[in-house]
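Novice: Below is the file my_file17.txt, which contains compact mmCIF, C-alpha atoms and all ligand atoms.
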# COMPACT_ATOMS: atom_id res chain seq x y z
CA MET N 1 0.00 0.00 0.00
CA TYR N 2 1.27 3.47 -0.87
CA LEU N 3 2.22 5.60 2.17
CA THR N 4 3.12 9.30 2.15
CA ARG N 5 6.40 10.34 3.73
CA GLU N 6 4.52 11.48 6.85
CA GLU N 7 2.78 8.11 7.10
CA GLU N 8 6.11 6.29 6.68
CA GLU N 9 7.46 8.31 9.59
CA MET N 10 4.44 7.45 11.71
CA LEU N 11 4.97 3.77 10.96
CA ASN N 12 8.70 3.75 11.66
CA GLY N 13 8.94 6.48 14.32
CA ASP N 14 9.62 6.29 18.06
CA ASP N 15 5.99 6.57 19.15
CA GLU N 16 5.09 2.95 19.84
CA THR N 17 1.29 3.47 19.93
CA ILE N 18 1.28 5.39 16.63
CA SER N 19 3.48 2.78 15.02
CA ARG N 20 1.09 -0.01 16.19
CA CYS N 21 -1.89 2.01 14.92
CA MET N 22 -0.27 2.31 11.50
CA GLU N 23 0.32 -1.44 11.47
CA ILE N 24 -3.39 -2.02 12.21
CA LEU N 25 -4.43 0.34 9.40
CA ILE N 26 -2.01 -1.16 6.88
CA ALA N 27 -3.14 -4.71 7.72
CA ALA N 28 -6.81 -3.69 7.32
CA GLY N 29 -6.00 -1.84 4.10
CA GLU N 30 -4.08 -4.73 2.56
CA ALA N 31 -6.82 -7.22 3.51
CA ASN N 32 -9.26 -5.05 1.56
CA GLU N 33 -6.90 -4.20 -1.32
CA ALA N 34 -6.77 -0.49 -0.45
CA GLU N 35 -4.15 1.39 -2.46
CA ARG N 36 -3.66 4.14 0.11
CA LEU N 37 -4.99 5.79 3.27
CA VAL N 38 -7.40 8.74 3.35
CA LYS N 39 -7.63 11.50 5.96
CA VAL N 40 -10.85 11.36 8.00
CA LYS N 41 -12.87 14.11 9.71
CA SER N 42 -13.90 12.08 12.76
CA ALA N 43 -13.78 8.66 14.40
CA HIS N 44 -16.50 6.90 16.34
CA ILE N 45 -15.26 4.09 18.57
CA SER N 46 -17.22 0.95 19.49
CA GLY N 47 -16.30 -1.82 21.93
CA VAL N 48 -16.82 0.28 25.07
CA SER N 49 -19.04 -1.83 27.32
CA PHE N 50 -16.92 -3.99 29.62
CA ASP N 51 -19.54 -6.67 28.98
CA ASN N 52 -18.39 -6.76 25.33
CA ILE N 53 -14.61 -6.37 25.61
CA GLY N 54 -13.82 -8.19 28.88
CA GLU N 55 -10.44 -8.22 30.63
CA GLY N 56 -8.50 -8.96 27.41
CA GLY N 57 -9.90 -5.93 25.60
CA LEU N 58 -9.31 -3.72 28.62
CA GLU N 59 -5.65 -4.77 28.86
CA TRP N 60 -5.14 -3.90 25.18
CA LEU N 61 -6.76 -0.50 25.67
CA GLU N 62 -4.61 0.20 28.73
CA SER N 63 -1.47 -0.37 26.64
CA LEU N 64 -2.32 2.64 24.41
CA ARG N 65 -0.66 6.05 24.92
CA GLY N 66 -1.03 9.46 23.30
CA ARG N 67 -3.88 11.75 22.25
CA VAL N 68 -6.40 11.64 19.42
CA ILE N 69 -5.79 14.17 16.61
CA ILE N 70 -9.34 14.34 15.21
CA PRO N 71 -12.76 14.54 16.96
CA ALA N 72 -13.49 11.10 18.37
CA THR N 73 -16.69 9.96 20.06
CA LEU N 74 -17.56 6.84 22.03
CA ASN N 75 -20.29 4.22 21.82
CA PRO N 76 -22.48 3.34 24.85
CA ALA N 77 -21.02 1.74 27.96
CA GLY N 78 -22.58 -1.07 30.01
CA MET N 79 -24.35 1.25 32.46
CA ASP N 80 -25.72 4.72 33.11
CA LEU N 81 -22.78 6.42 34.83
CA ASN N 82 -25.06 7.98 37.45
CA ARG N 83 -27.89 5.44 37.81
CA TRP N 84 -25.95 2.18 37.58
CA ARG N 85 -27.10 0.96 41.01
CA GLU N 86 -30.72 1.57 40.08
CA MET N 87 -30.13 -0.54 36.95
CA GLY N 88 -28.90 -3.42 39.13
CA ILE N 89 -25.21 -3.17 38.10
CA ASP N 90 -22.75 -4.55 40.67
CA ASP N 91 -19.61 -2.85 42.05
CA GLU N 92 -17.19 -5.10 40.15
CA PHE N 93 -18.73 -4.31 36.77
CA TYR N 94 -18.87 -0.62 37.65
CA ASN N 95 -15.16 -0.52 38.52
CA ASN N 96 -14.13 -2.33 35.33
CA GLN N 97 -16.30 -0.05 33.21
CA ILE N 98 -14.75 3.02 34.81
CA ARG N 99 -11.26 1.65 33.98
CA VAL N 100 -12.32 1.42 30.30
CA LEU N 101 -13.61 4.99 30.30
CA ARG N 102 -10.45 6.30 32.00
CA VAL N 103 -8.37 4.99 29.08
CA PHE N 104 -10.49 6.84 26.55
CA GLU N 105 -10.47 9.99 28.66
CA ASN N 106 -6.67 9.92 28.78
CA LEU N 107 -6.57 9.51 24.99
CA GLY N 108 -8.69 12.65 24.62
CA VAL N 109 -11.80 10.85 23.30
CA ASP N 110 -15.14 12.58 23.95
CA ILE N 111 -16.89 10.37 26.55
CA SER N 112 -20.16 10.82 24.64
CA LEU N 113 -21.32 7.22 25.27
CA SER N 114 -23.90 7.24 22.50
CA CYS N 115 -24.49 5.30 19.31
CA THR N 116 -25.95 8.40 17.62
CA PRO N 117 -22.82 10.50 16.99
CA TYR N 118 -24.72 12.05 14.08
CA TYR N 119 -26.77 14.03 16.64
CA LEU N 120 -23.66 15.09 18.59
CA ASN N 121 -21.12 16.02 15.92
CA PRO N 122 -22.98 15.73 12.59
CA PRO N 123 -20.76 15.07 9.56
CA GLU N 124 -21.37 16.72 6.19
CA PHE N 125 -22.09 15.28 2.77
CA GLY N 126 -18.92 13.78 1.28
CA ASP N 127 -16.91 13.72 4.53
CA HIS N 128 -14.64 10.69 4.97
CA LEU N 129 -15.13 9.12 8.41
CA ALA N 130 -13.85 6.19 10.45
CA TRP N 131 -16.95 5.07 12.32
CA ALA N 132 -17.41 1.77 14.10
CA GLU N 133 -21.05 1.43 15.09
CA SER N 134 -23.20 -0.17 12.45
CA ASN N 135 -26.33 1.99 12.85
CA ALA N 136 -24.22 5.16 12.80
CA ILE N 137 -22.35 3.94 9.72
CA VAL N 138 -25.58 3.33 7.81
CA TYR N 139 -26.99 6.68 8.93
CA ALA N 140 -23.84 8.57 7.89
CA ASN N 141 -23.59 6.88 4.49
CA SER N 142 -27.27 6.76 3.62
CA ILE N 143 -29.01 9.72 5.21
CA ILE N 144 -26.15 12.24 5.31
CA GLY N 145 -24.08 11.08 2.32
CA ALA N 146 -20.82 10.96 4.29
CA ARG N 147 -18.45 8.04 3.60
CA THR N 148 -17.36 5.31 5.97
CA ASN N 149 -16.82 1.58 5.86
CA ARG N 150 -17.85 -0.65 8.73
CA GLU N 151 -14.87 -0.08 10.97
CA CYS N 152 -14.23 -1.99 14.20
CA GLY N 153 -13.05 -0.71 17.60
CA PRO N 154 -9.28 -1.09 16.92
CA THR N 155 -9.36 0.50 13.42
CA ALA N 156 -11.49 3.40 14.70
CA ILE N 157 -9.04 3.97 17.58
CA ALA N 158 -6.10 3.79 15.14
CA ALA N 159 -7.89 6.34 12.93
CA ALA N 160 -8.54 8.65 15.89
CA LEU N 161 -4.83 8.63 16.80
CA THR N 162 -3.46 8.95 13.24
CA GLY N 163 -6.28 10.82 11.44
CA ARG N 164 -6.41 8.20 8.64
CA ILE N 165 -8.24 5.08 7.47
CA PRO N 166 -7.73 2.74 4.45
CA TYR N 167 -9.31 4.08 1.26
CA TYR N 168 -11.54 1.36 -0.22
CA GLY N 169 -15.20 0.26 -0.28
CA LEU N 170 -17.71 3.01 0.46
CA HIS N 171 -15.06 5.76 0.41
CA ILE N 172 -15.18 5.35 -3.39
CA LYS N 173 -18.27 6.64 -5.21
CA GLU N 174 -18.73 3.75 -7.67
CA ASN N 175 -18.88 1.24 -4.79
CA ARG N 176 -21.95 2.99 -3.44
CA ALA N 177 -24.28 1.92 -6.26
CA PRO N 178 -27.41 -0.07 -5.32
CA SER N 179 -27.67 -3.62 -6.67
CA ILE N 180 -31.31 -4.44 -5.93
CA THR N 181 -34.60 -2.56 -5.58
CA VAL N 182 -36.75 -3.35 -2.53
CA LYS N 183 -40.38 -2.23 -2.18
CA VAL N 184 -41.15 -1.89 1.52
CA SER N 185 -44.46 -1.89 3.39
CA GLY N 186 -45.52 -2.57 7.00
CA ASN N 187 -43.40 -1.83 10.06
CA ILE N 188 -40.19 -0.14 8.87
CA ALA N 189 -37.90 -1.47 11.63
CA ALA N 190 -39.15 -5.02 11.09
CA ALA N 191 -38.69 -4.61 7.34
CA GLY N 192 -35.05 -3.58 7.93
CA TYR N 193 -34.54 -6.69 10.05
CA LEU N 194 -35.91 -8.93 7.27
CA ILE N 195 -34.03 -7.14 4.46
CA GLY N 196 -30.67 -7.39 6.26
CA ARG N 197 -31.22 -11.11 6.75
CA GLU N 198 -32.23 -11.59 3.11
CA LEU N 199 -29.70 -9.38 1.30
CA LYS N 200 -26.59 -9.68 3.52
CA ASP N 201 -24.11 -7.18 1.99
CA HIS N 202 -26.10 -5.86 -1.01
CA ILE N 203 -26.80 -2.12 -1.10
CA PRO N 204 -30.56 -1.80 -1.69
CA LEU N 205 -32.56 1.01 -3.27
CA ILE N 206 -35.64 1.22 -1.06
CA ILE N 207 -39.04 2.36 -2.25
CA PHE N 208 -41.28 2.95 0.78
CA ASP N 209 -45.05 2.74 0.28
CA ARG N 210 -45.61 5.88 2.41
CA ASN N 211 -43.82 8.88 3.92
CA VAL N 212 -41.34 7.83 6.59
CA SER N 213 -39.91 9.91 9.43
CA GLU N 214 -36.24 10.41 10.28
CA ALA N 215 -36.76 8.20 13.37
CA GLU N 216 -38.10 5.38 11.18
CA LEU N 217 -35.16 5.69 8.75
CA LYS N 218 -32.80 5.44 11.72
CA LEU N 219 -34.52 2.28 13.00
CA PHE N 220 -34.54 0.86 9.48
CA GLY N 221 -30.80 1.41 8.93
CA ALA N 222 -29.92 -0.02 12.34
CA ALA N 223 -31.91 -3.17 11.61
CA ILE N 224 -30.49 -3.89 8.14
CA ALA N 225 -26.97 -3.50 9.52
CA ALA N 226 -27.73 -5.82 12.45
CA THR N 227 -28.99 -8.84 10.52
CA GLY N 228 -26.82 -8.24 7.43
CA ASN N 229 -23.47 -6.67 6.50
CA THR N 230 -24.99 -3.76 4.63
CA ALA N 231 -23.39 -0.42 5.40
CA MET N 232 -25.76 1.78 3.40
CA PHE N 233 -29.05 1.99 1.56
CA HIS N 234 -30.63 4.45 -0.83
CA ALA N 235 -34.25 5.52 -0.46
CA LYS N 236 -36.09 6.88 -3.49
CA ASP N 237 -36.87 10.61 -3.15
CA ILE N 238 -35.28 10.70 0.34
CA THR N 239 -31.55 10.00 0.56
CA PRO N 240 -28.99 12.34 -1.05
CA GLU N 241 -27.34 9.99 -3.57
CA TRP N 242 -30.17 7.81 -4.88
CA LYS N 243 -30.41 9.71 -8.19
CA ASP N 244 -26.68 9.31 -8.90
CA PHE N 245 -27.12 5.66 -9.90
CA GLU N 246 -29.34 3.57 -12.17
CA ILE N 247 -32.39 1.98 -10.54
CA PRO N 248 -31.63 -1.78 -10.29
CA SER N 249 -34.06 -3.86 -12.33
CA GLU N 250 -34.10 -6.83 -9.93
CA THR N 251 -36.90 -6.06 -7.48
CA ILE N 252 -38.25 -7.78 -4.37
CA GLU N 253 -41.04 -6.84 -1.98
CA ILE N 254 -40.78 -6.98 1.82
CA HIS N 255 -43.59 -6.48 4.31
CA GLY N 256 -42.20 -5.65 7.76
CA SER N 257 -43.62 -7.57 10.69
CA LEU N 258 -42.12 -9.50 13.62
CA GLU N 259 -43.70 -11.90 16.12
CA SER N 260 -44.36 -10.82 19.70
CA ALA N 261 -43.29 -13.88 21.61
CA CYS N 262 -44.01 -13.02 25.27
CA ASP N 263 -45.69 -10.74 27.81
CA PRO N 264 -43.03 -8.12 28.72
CA ASP N 265 -41.82 -7.28 32.23
CA LEU N 266 -39.45 -4.65 30.75
CA ILE N 267 -40.23 -2.29 27.88
CA THR N 268 -37.25 -0.59 26.25
CA VAL N 269 -37.02 2.10 23.59
CA GLY N 270 -33.91 3.85 22.28
CA CYS N 271 -32.02 1.50 19.98
CA PRO N 272 -30.46 3.57 18.44
CA HIS N 273 -30.48 6.25 21.16
CA THR N 274 -33.53 8.51 21.02
CA SER N 275 -33.52 12.04 19.65
CA LYS N 276 -35.32 14.99 21.19
CA GLU N 277 -38.21 14.43 18.75
CA GLU N 278 -38.61 10.80 19.83
CA LEU N 279 -38.62 11.79 23.53
CA GLU N 280 -41.39 14.27 22.71
CA THR N 281 -43.35 11.59 20.86
CA ILE N 282 -43.07 9.20 23.82
CA LEU N 283 -44.29 11.91 26.19
CA LYS N 284 -47.24 12.60 23.91
CA LEU N 285 -48.10 8.90 23.62
CA MET N 286 -47.99 8.52 27.42
CA ASP N 287 -50.78 11.11 27.51
CA GLY N 288 -50.39 11.71 31.24
CA ARG N 289 -50.67 8.01 32.15
CA MET N 290 -48.25 6.38 34.60
CA ALA N 291 -45.98 3.52 33.52
CA LYS N 292 -47.14 0.37 35.33
CA LYS N 293 -44.16 -1.72 34.25
CA GLU N 294 -40.44 -0.99 34.02
CA PHE N 295 -40.14 1.32 30.99
CA TRP N 296 -36.57 2.28 30.05
CA VAL N 297 -35.82 4.87 27.37
CA PHE N 298 -32.18 5.11 26.29
CA THR N 299 -30.61 8.29 25.02
CA SER N 300 -27.35 10.22 25.14
CA ARG N 301 -26.45 12.41 28.09
CA LYS N 302 -26.23 15.32 25.64
CA VAL N 303 -29.83 14.92 24.42
CA SER N 304 -30.97 14.48 28.07
CA ALA N 305 -29.07 17.57 29.19
CA GLU N 306 -30.49 19.67 26.37
CA ASN N 307 -34.08 18.62 27.11
CA PRO N 308 -34.43 18.61 30.91
CA GLU N 309 -38.13 19.47 30.90
CA ILE N 310 -39.14 16.54 28.67
CA VAL N 311 -36.97 14.18 30.73
CA ARG N 312 -38.47 15.49 33.98
CA LYS N 313 -42.03 14.96 32.71
CA LEU N 314 -41.26 11.41 31.52
CA GLU N 315 -39.62 10.54 34.84
CA ALA N 316 -42.67 11.92 36.69
CA LEU N 317 -44.74 9.36 34.75
CA GLY N 318 -42.48 6.54 35.91
CA VAL N 319 -40.43 6.29 32.69
CA LYS N 320 -36.70 5.88 33.32
CA VAL N 321 -34.71 7.99 30.88
CA LEU N 322 -31.27 6.38 31.00
CA ASN N 323 -28.06 7.77 29.49
CA ASP N 324 -24.73 6.27 28.41
CA THR N 325 -25.93 2.71 27.76
CA CYS N 326 -28.60 0.53 26.16
CA MET N 327 -30.66 -2.63 26.58
CA VAL N 328 -28.21 -4.68 24.48
CA VAL N 329 -24.78 -3.70 25.82
CA SER N 330 -25.81 -3.54 29.50
CA PRO N 331 -25.94 -6.73 31.59
CA ALA N 332 -28.81 -5.03 33.50
CA THR N 333 -31.30 -6.46 30.98
CA ASP N 334 -30.50 -10.05 32.03
CA ARG N 335 -32.58 -9.94 35.21
CA PHE N 336 -35.82 -9.62 33.21
CA ARG N 337 -37.83 -12.43 31.65
CA CYS N 338 -39.33 -10.79 28.54
CA VAL N 339 -38.16 -7.50 27.01
CA MET N 340 -40.30 -5.56 24.55
CA VAL N 341 -38.59 -3.39 21.90
CA ASN N 342 -39.54 -1.26 18.89
CA SER N 343 -36.14 -1.82 17.27
CA GLY N 344 -35.20 -4.54 14.78
CA LYS N 345 -31.58 -4.27 15.91
CA ALA N 346 -32.45 -4.72 19.59
CA PHE N 347 -34.79 -7.59 18.66
CA HIS N 348 -31.90 -9.32 16.88
CA TYR N 349 -29.18 -8.81 19.49
CA LEU N 350 -31.30 -9.37 22.59
CA THR N 351 -32.33 -12.72 21.13
CA LEU N 352 -28.71 -13.63 20.35
CA LYS N 353 -26.79 -12.10 23.20
CA ARG N 354 -28.90 -11.80 26.34
CA SER N 355 -30.75 -14.51 28.24
CA VAL N 356 -34.21 -12.99 27.74
CA GLU N 357 -37.22 -13.55 25.52
CA VAL N 358 -38.03 -10.65 23.20
CA SER N 359 -41.29 -9.10 22.13
CA PHE N 360 -41.70 -6.57 19.29
CA GLY N 361 -44.08 -3.67 18.66
CA ASP N 362 -44.02 -0.15 17.26
CA LEU N 363 -43.47 2.81 19.57
CA LYS N 364 -47.19 3.23 20.29
CA GLU N 365 -47.53 -0.47 21.16
CA CYS N 366 -44.50 -0.24 23.47
CA VAL N 367 -46.05 2.70 25.32
CA GLU N 368 -49.41 0.89 25.62
CA ALA N 369 -47.65 -2.20 27.01
CA ALA N 370 -45.87 0.01 29.58
CA VAL N 371 -49.06 1.65 30.89
CA LYS N 372 -51.05 -1.60 31.00
CA PRO N 373 -51.39 -2.93 34.60
FE1 LIG E 401 -27.16 1.70 20.07
FE2 LIG E 401 -27.22 -0.28 21.75
FE3 LIG E 401 -28.82 -0.27 19.69
S1 LIG E 401 -25.43 0.71 21.02
S2 LIG E 401 -27.81 0.90 18.10
S3 LIG E 401 -28.83 1.20 21.37
S4 LIG E 401 -27.67 -2.00 20.41
Represent the structure of the file as structure tokens.
Specialist:
Amino acid sequence: MYLTREEEEMLNGDDETISRCMEILIAAGEANEAERLVKVKSAHISGVSFDNIGEGGLEWLESLRGRVIIPATLNPAGMDLNRWREMGIDDEFYNNQIRVLRVFENLGVDISLSCTPYYLNPPEFGDHLAWAESNAIVYANSIIGARTNRECGPTAIAAALTGRIPYYGLHIKENRAPSITVKVSGNIAAAGYLIGRELKDHIPLIIFDRNVSEAELKLFGAAIAATGNTAMFHAKDITPEWKDFEIPSETIEIHGSLESACDPDLITVGCPHTSKEELETILKLMDGRMAKKEFWVFTSRKVSAENPEIVRKLEALGVKVLNDTCMVVSPATDRFRCVMVNSGKAFHYLTLKRSVEVSFGDLKECVEAAVKP
């Protein structure tokens, strides 16, 4: 792979962390036949919950030195940093999670602890990024028109410390063309779940049968990236690049619906983390009624801090608005029997990863389940 003089110096210089980062980037680039590296505007780092990375991952992180040279944000941790006891997290997990966060703090990473970096530091059309959170990757590529491959924790960290990522895949315009047209009806998040499973790594051009909101597009993208390897989609008349390519002639139809398998004792919303608009919608749907079951809404501490009045009103109705974490990456979910979600991604990973049964409904159905005695 071609390296500039500056990149050669980073690889062969005295800074051991930078040299190791360059080795990671070169190995990833060569595996994907990248001819060179490209400078990136920001990095988003996954692999933050101690539940995901364990002692081995933590030791690797603690071996890193230095400071990031581009804006770098962080995915959710395994607990709300303030309300971890209330979530049922034990002292040992708390202490390990804090060790993880200390590493990132020392590296100069923004301890944003959210999977929606596009609400915190929105990229612009055409920006090259090194993002490692599949829903954020799909959102950046599809809805904003920025460019990132599906990075992993180590490559995103290497990018944050060097400002570069291998140039291949979705960084190159012609690789962003759709290969199949999909007509979508029914529940959008469930449709994303089914499309990801069906199409694996194809980029689809989606034709929705009705107007869809930004929140639905976010749920859709998260779901296709969870069950498949897709890192972007186009949506006719919606996303910024759909007109740049020919409409694929091969067409399939998907109707989104998922089974509700159990009666929930925990209802969770916020996969991906909720926006201000979604918090407002939940408050409206609650319509002054108290939650009768555990109802957890996940968001970023930034969105919470910017909307204290909405959060206060939801909490007064018995809804727990939790920051920094989510139902999938926190071990707190394990103590429940049946968890209800409105997210195709959460439906997929809770089934795979946590020892709970999972029930599915749209946002309105989740709220109704929460207020039902
Ligand atoms: Fe975010 Fe957790 Fe879902 S990290 S996209 S809320 S699985």
Novice: Tell me which protein, DNA and RNA residues are within 12 Å of Lys353 (chain N), counting all atoms listed in the file, leaving out same-chain ones fewer than 6 positions away, and put them as a PDB file with C-alpha atoms, keeping the file's coordinate frame.
Specialist:
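File produced: selection.pdb:
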ATOM      1  CA  ASP N  51     -19.540  -6.670  28.980  1.00  0.00           C
ATOM      2  CA  ASN N  52     -18.390  -6.760  25.330  1.00  0.00           C
ATOM      3  CA  MET N 327     -30.660  -2.630  26.580  1.00  0.00           C
ATOM      4  CA  VAL N 328     -28.210  -4.680  24.480  1.00  0.00           C
ATOM      5  CA  VAL N 329     -24.780  -3.700  25.820  1.00  0.00           C
ATOM      6  CA  SER N 330     -25.810  -3.540  29.500  1.00  0.00           C
ATOM      7  CA  PRO N 331     -25.940  -6.730  31.590  1.00  0.00           C
ATOM      8  CA  THR N 333     -31.300  -6.460  30.980  1.00  0.00           C
ATOM      9  CA  ASP N 334     -30.500 -10.050  32.030  1.00  0.00           C
ATOM     10  CA  LYS N 345     -31.580  -4.270  15.910  1.00  0.00           C
ATOM     11  CA  ALA N 346     -32.450  -4.720  19.590  1.00  0.00           C
ATOM     12  CA  PHE N 347     -34.790  -7.590  18.660  1.00  0.00           C
TER      13      PHE N 347
END
Novice: Show me, as a list of chain:residue names, the residues that have an atom within 9 Å of Ser355 (chain N) when counting only C-alpha atoms, minus same-chain residues fewer than 4 positions from it.
Specialist: N:Thr333, N:Asp334, N:Arg335, N:Phe336, N:Arg337, N:Leu350, N:Thr351
Novice: How would you write, as a ChimeraX atom specification, the set of residues no farther than 10 Å from ligand LIG 401 (chain E) when counting only C-alpha atoms and all ligand atoms?
Specialist: /N:46-49,75-78,113-116,133-136,218-219,221-223,225-226,268-274,297-300,324-330,343-350
Novice: Those residues with C-alpha atoms, as a PDB file, in the coordinates of the input please?
Specialist:
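Saved as out.pdb:
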ATOM      1  CA  SER N  46     -17.220   0.950  19.490  1.00  0.00           C
ATOM      2  CA  GLY N  47     -16.300  -1.820  21.930  1.00  0.00           C
ATOM      3  CA  VAL N  48     -16.820   0.280  25.070  1.00  0.00           C
ATOM      4  CA  SER N  49     -19.040  -1.830  27.320  1.00  0.00           C
ATOM      5  CA  ASN N  75     -20.290   4.220  21.820  1.00  0.00           C
ATOM      6  CA  PRO N  76     -22.480   3.340  24.850  1.00  0.00           C
ATOM      7  CA  ALA N  77     -21.020   1.740  27.960  1.00  0.00           C
ATOM      8  CA  GLY N  78     -22.580  -1.070  30.010  1.00  0.00           C
ATOM      9  CA  LEU N 113     -21.320   7.220  25.270  1.00  0.00           C
ATOM     10  CA  SER N 114     -23.900   7.240  22.500  1.00  0.00           C
ATOM     11  CA  CYS N 115     -24.490   5.300  19.310  1.00  0.00           C
ATOM     12  CA  THR N 116     -25.950   8.400  17.620  1.00  0.00           C
ATOM     13  CA  GLU N 133     -21.050   1.430  15.090  1.00  0.00           C
ATOM     14  CA  SER N 134     -23.200  -0.170  12.450  1.00  0.00           C
ATOM     15  CA  ASN N 135     -26.330   1.990  12.850  1.00  0.00           C
ATOM     16  CA  ALA N 136     -24.220   5.160  12.800  1.00  0.00           C
ATOM     17  CA  LYS N 218     -32.800   5.440  11.720  1.00  0.00           C
ATOM     18  CA  LEU N 219     -34.520   2.280  13.000  1.00  0.00           C
ATOM     19  CA  GLY N 221     -30.800   1.410   8.930  1.00  0.00           C
ATOM     20  CA  ALA N 222     -29.920  -0.020  12.340  1.00  0.00           C
ATOM     21  CA  ALA N 223     -31.910  -3.170  11.610  1.00  0.00           C
ATOM     22  CA  ALA N 225     -26.970  -3.500   9.520  1.00  0.00           C
ATOM     23  CA  ALA N 226     -27.730  -5.820  12.450  1.00  0.00           C
ATOM     24  CA  THR N 268     -37.250  -0.590  26.250  1.00  0.00           C
ATOM     25  CA  VAL N 269     -37.020   2.100  23.590  1.00  0.00           C
ATOM     26  CA  GLY N 270     -33.910   3.850  22.280  1.00  0.00           C
ATOM     27  CA  CYS N 271     -32.020   1.500  19.980  1.00  0.00           C
ATOM     28  CA  PRO N 272     -30.460   3.570  18.440  1.00  0.00           C
ATOM     29  CA  HIS N 273     -30.480   6.250  21.160  1.00  0.00           C
ATOM     30  CA  THR N 274     -33.530   8.510  21.020  1.00  0.00           C
ATOM     31  CA  VAL N 297     -35.820   4.870  27.370  1.00  0.00           C
ATOM     32  CA  PHE N 298     -32.180   5.110  26.290  1.00  0.00           C
ATOM     33  CA  THR N 299     -30.610   8.290  25.020  1.00  0.00           C
ATOM     34  CA  SER N 300     -27.350  10.220  25.140  1.00  0.00           C
ATOM     35  CA  ASP N 324     -24.730   6.270  28.410  1.00  0.00           C
ATOM     36  CA  THR N 325     -25.930   2.710  27.760  1.00  0.00           C
ATOM     37  CA  CYS N 326     -28.600   0.530  26.160  1.00  0.00           C
ATOM     38  CA  MET N 327     -30.660  -2.630  26.580  1.00  0.00           C
ATOM     39  CA  VAL N 328     -28.210  -4.680  24.480  1.00  0.00           C
ATOM     40  CA  VAL N 329     -24.780  -3.700  25.820  1.00  0.00           C
ATOM     41  CA  SER N 330     -25.810  -3.540  29.500  1.00  0.00           C
ATOM     42  CA  SER N 343     -36.140  -1.820  17.270  1.00  0.00           C
ATOM     43  CA  GLY N 344     -35.200  -4.540  14.780  1.00  0.00           C
ATOM     44  CA  LYS N 345     -31.580  -4.270  15.910  1.00  0.00           C
ATOM     45  CA  ALA N 346     -32.450  -4.720  19.590  1.00  0.00           C
ATOM     46  CA  PHE N 347     -34.790  -7.590  18.660  1.00  0.00           C
ATOM     47  CA  HIS N 348     -31.900  -9.320  16.880  1.00  0.00           C
ATOM     48  CA  TYR N 349     -29.180  -8.810  19.490  1.00  0.00           C
ATOM     49  CA  LEU N 350     -31.300  -9.370  22.590  1.00  0.00           C
TER      50      LEU N 350
END
Novice: Can you measure CA of Glu33 (chain N) to CA of Gly169 (chain N) for me? One decimal in Å is fine.
Specialist: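 CA of Glu33 (chain N) sits 9.5 Å away from CA of Gly169 (chain N).
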Novice: Would you mind telling me which residue in N:Arg301, N:Arg354, N:His128, N:Arg99 lies nearest to Tyr168 (chain N) when using all atoms listed in the file?
Specialist: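 Between N:Arg301, N:Arg354, N:His128, N:Arg99, the residue approaching Tyr168 (chain N) most closely is N:His128.
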Novice: Excluding region 5-20 of chain N and residues on its chain fewer than 5 positions from it, collect all residues at most 12 Å away from it, counting only C-alpha atoms, and give them as an MDAnalysis selection string.
Specialist: chainID N and resid 25:27 36:39 60:69 107 154:155 157:165
Novice: Smallest atom-to-atom distance to Asp110 (chain N): which of N:Arg150, N:Lys293, N:Lys302, N:Lys372, using only C-alpha atoms?
Specialist: N:Lys302
Novice: Write out as a PyMOL selection string the residues lying within 7 Å of region 139-147 of chain N, counting only C-alpha atoms and excluding same-chain residues fewer than 5 positions away.
Specialist: chain N and resi 123-129+170-171+218+221+232-234+239-241
Novice: Nearest residue to Ile70 (chain N) out of N:Thr4, N:Leu279, N:Gly361, N:Asn121, using all atoms listed in the file?
Specialist: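 Counting all atoms listed in the file, the residue closest to Ile70 (chain N) is N:Asn121.
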Novice: Keeping N, CA and C atoms (and nothing else), can you write region 256-264 of chain N of this structure as an mmCIF file, in the first residue's frame?
Specialist:
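Okay, this is what ended up in selection38.cif:
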data_model
loop_
_atom_site.group_PDB
_atom_site.id
_atom_site.type_symbol
_atom_site.label_atom_id
_atom_site.label_comp_id
_atom_site.auth_asym_id
_atom_site.auth_seq_id
_atom_site.Cartn_x
_atom_site.Cartn_y
_atom_site.Cartn_z
ATOM 1 N N GLY N 256 -42.823 -5.570 6.435
ATOM 2 C CA GLY N 256 -42.199 -5.654 7.762
ATOM 3 C C GLY N 256 -43.161 -6.047 8.850
ATOM 4 N N SER N 257 -42.875 -7.190 9.493
ATOM 5 C CA SER N 257 -43.623 -7.570 10.688
ATOM 6 C C SER N 257 -42.809 -8.612 11.456
ATOM 7 N N LEU N 258 -42.852 -8.540 12.789
ATOM 8 C CA LEU N 258 -42.123 -9.501 13.622
ATOM 9 C C LEU N 258 -43.064 -10.028 14.700
ATOM 10 N N GLU N 259 -42.834 -11.261 15.123
ATOM 11 C CA GLU N 259 -43.695 -11.899 16.125
ATOM 12 C C GLU N 259 -43.438 -11.308 17.512
ATOM 13 N N SER N 260 -44.509 -11.154 18.284
ATOM 14 C CA SER N 260 -44.357 -10.820 19.704
ATOM 15 C C SER N 260 -44.458 -12.118 20.485
ATOM 16 N N ALA N 261 -43.351 -12.523 21.063
ATOM 17 C CA ALA N 261 -43.291 -13.878 21.610
ATOM 18 C C ALA N 261 -43.745 -13.990 23.054
ATOM 19 N N CYS N 262 -43.786 -12.887 23.824
ATOM 20 C CA CYS N 262 -44.007 -13.021 25.270
ATOM 21 C C CYS N 262 -44.626 -11.753 25.848
ATOM 22 N N ASP N 263 -45.068 -11.865 27.108
ATOM 23 C CA ASP N 263 -45.687 -10.740 27.807
ATOM 24 C C ASP N 263 -44.578 -9.992 28.566
ATOM 25 N N PRO N 264 -44.256 -8.745 28.199
ATOM 26 C CA PRO N 264 -43.030 -8.120 28.718
ATOM 27 C C PRO N 264 -43.092 -7.702 30.193
#
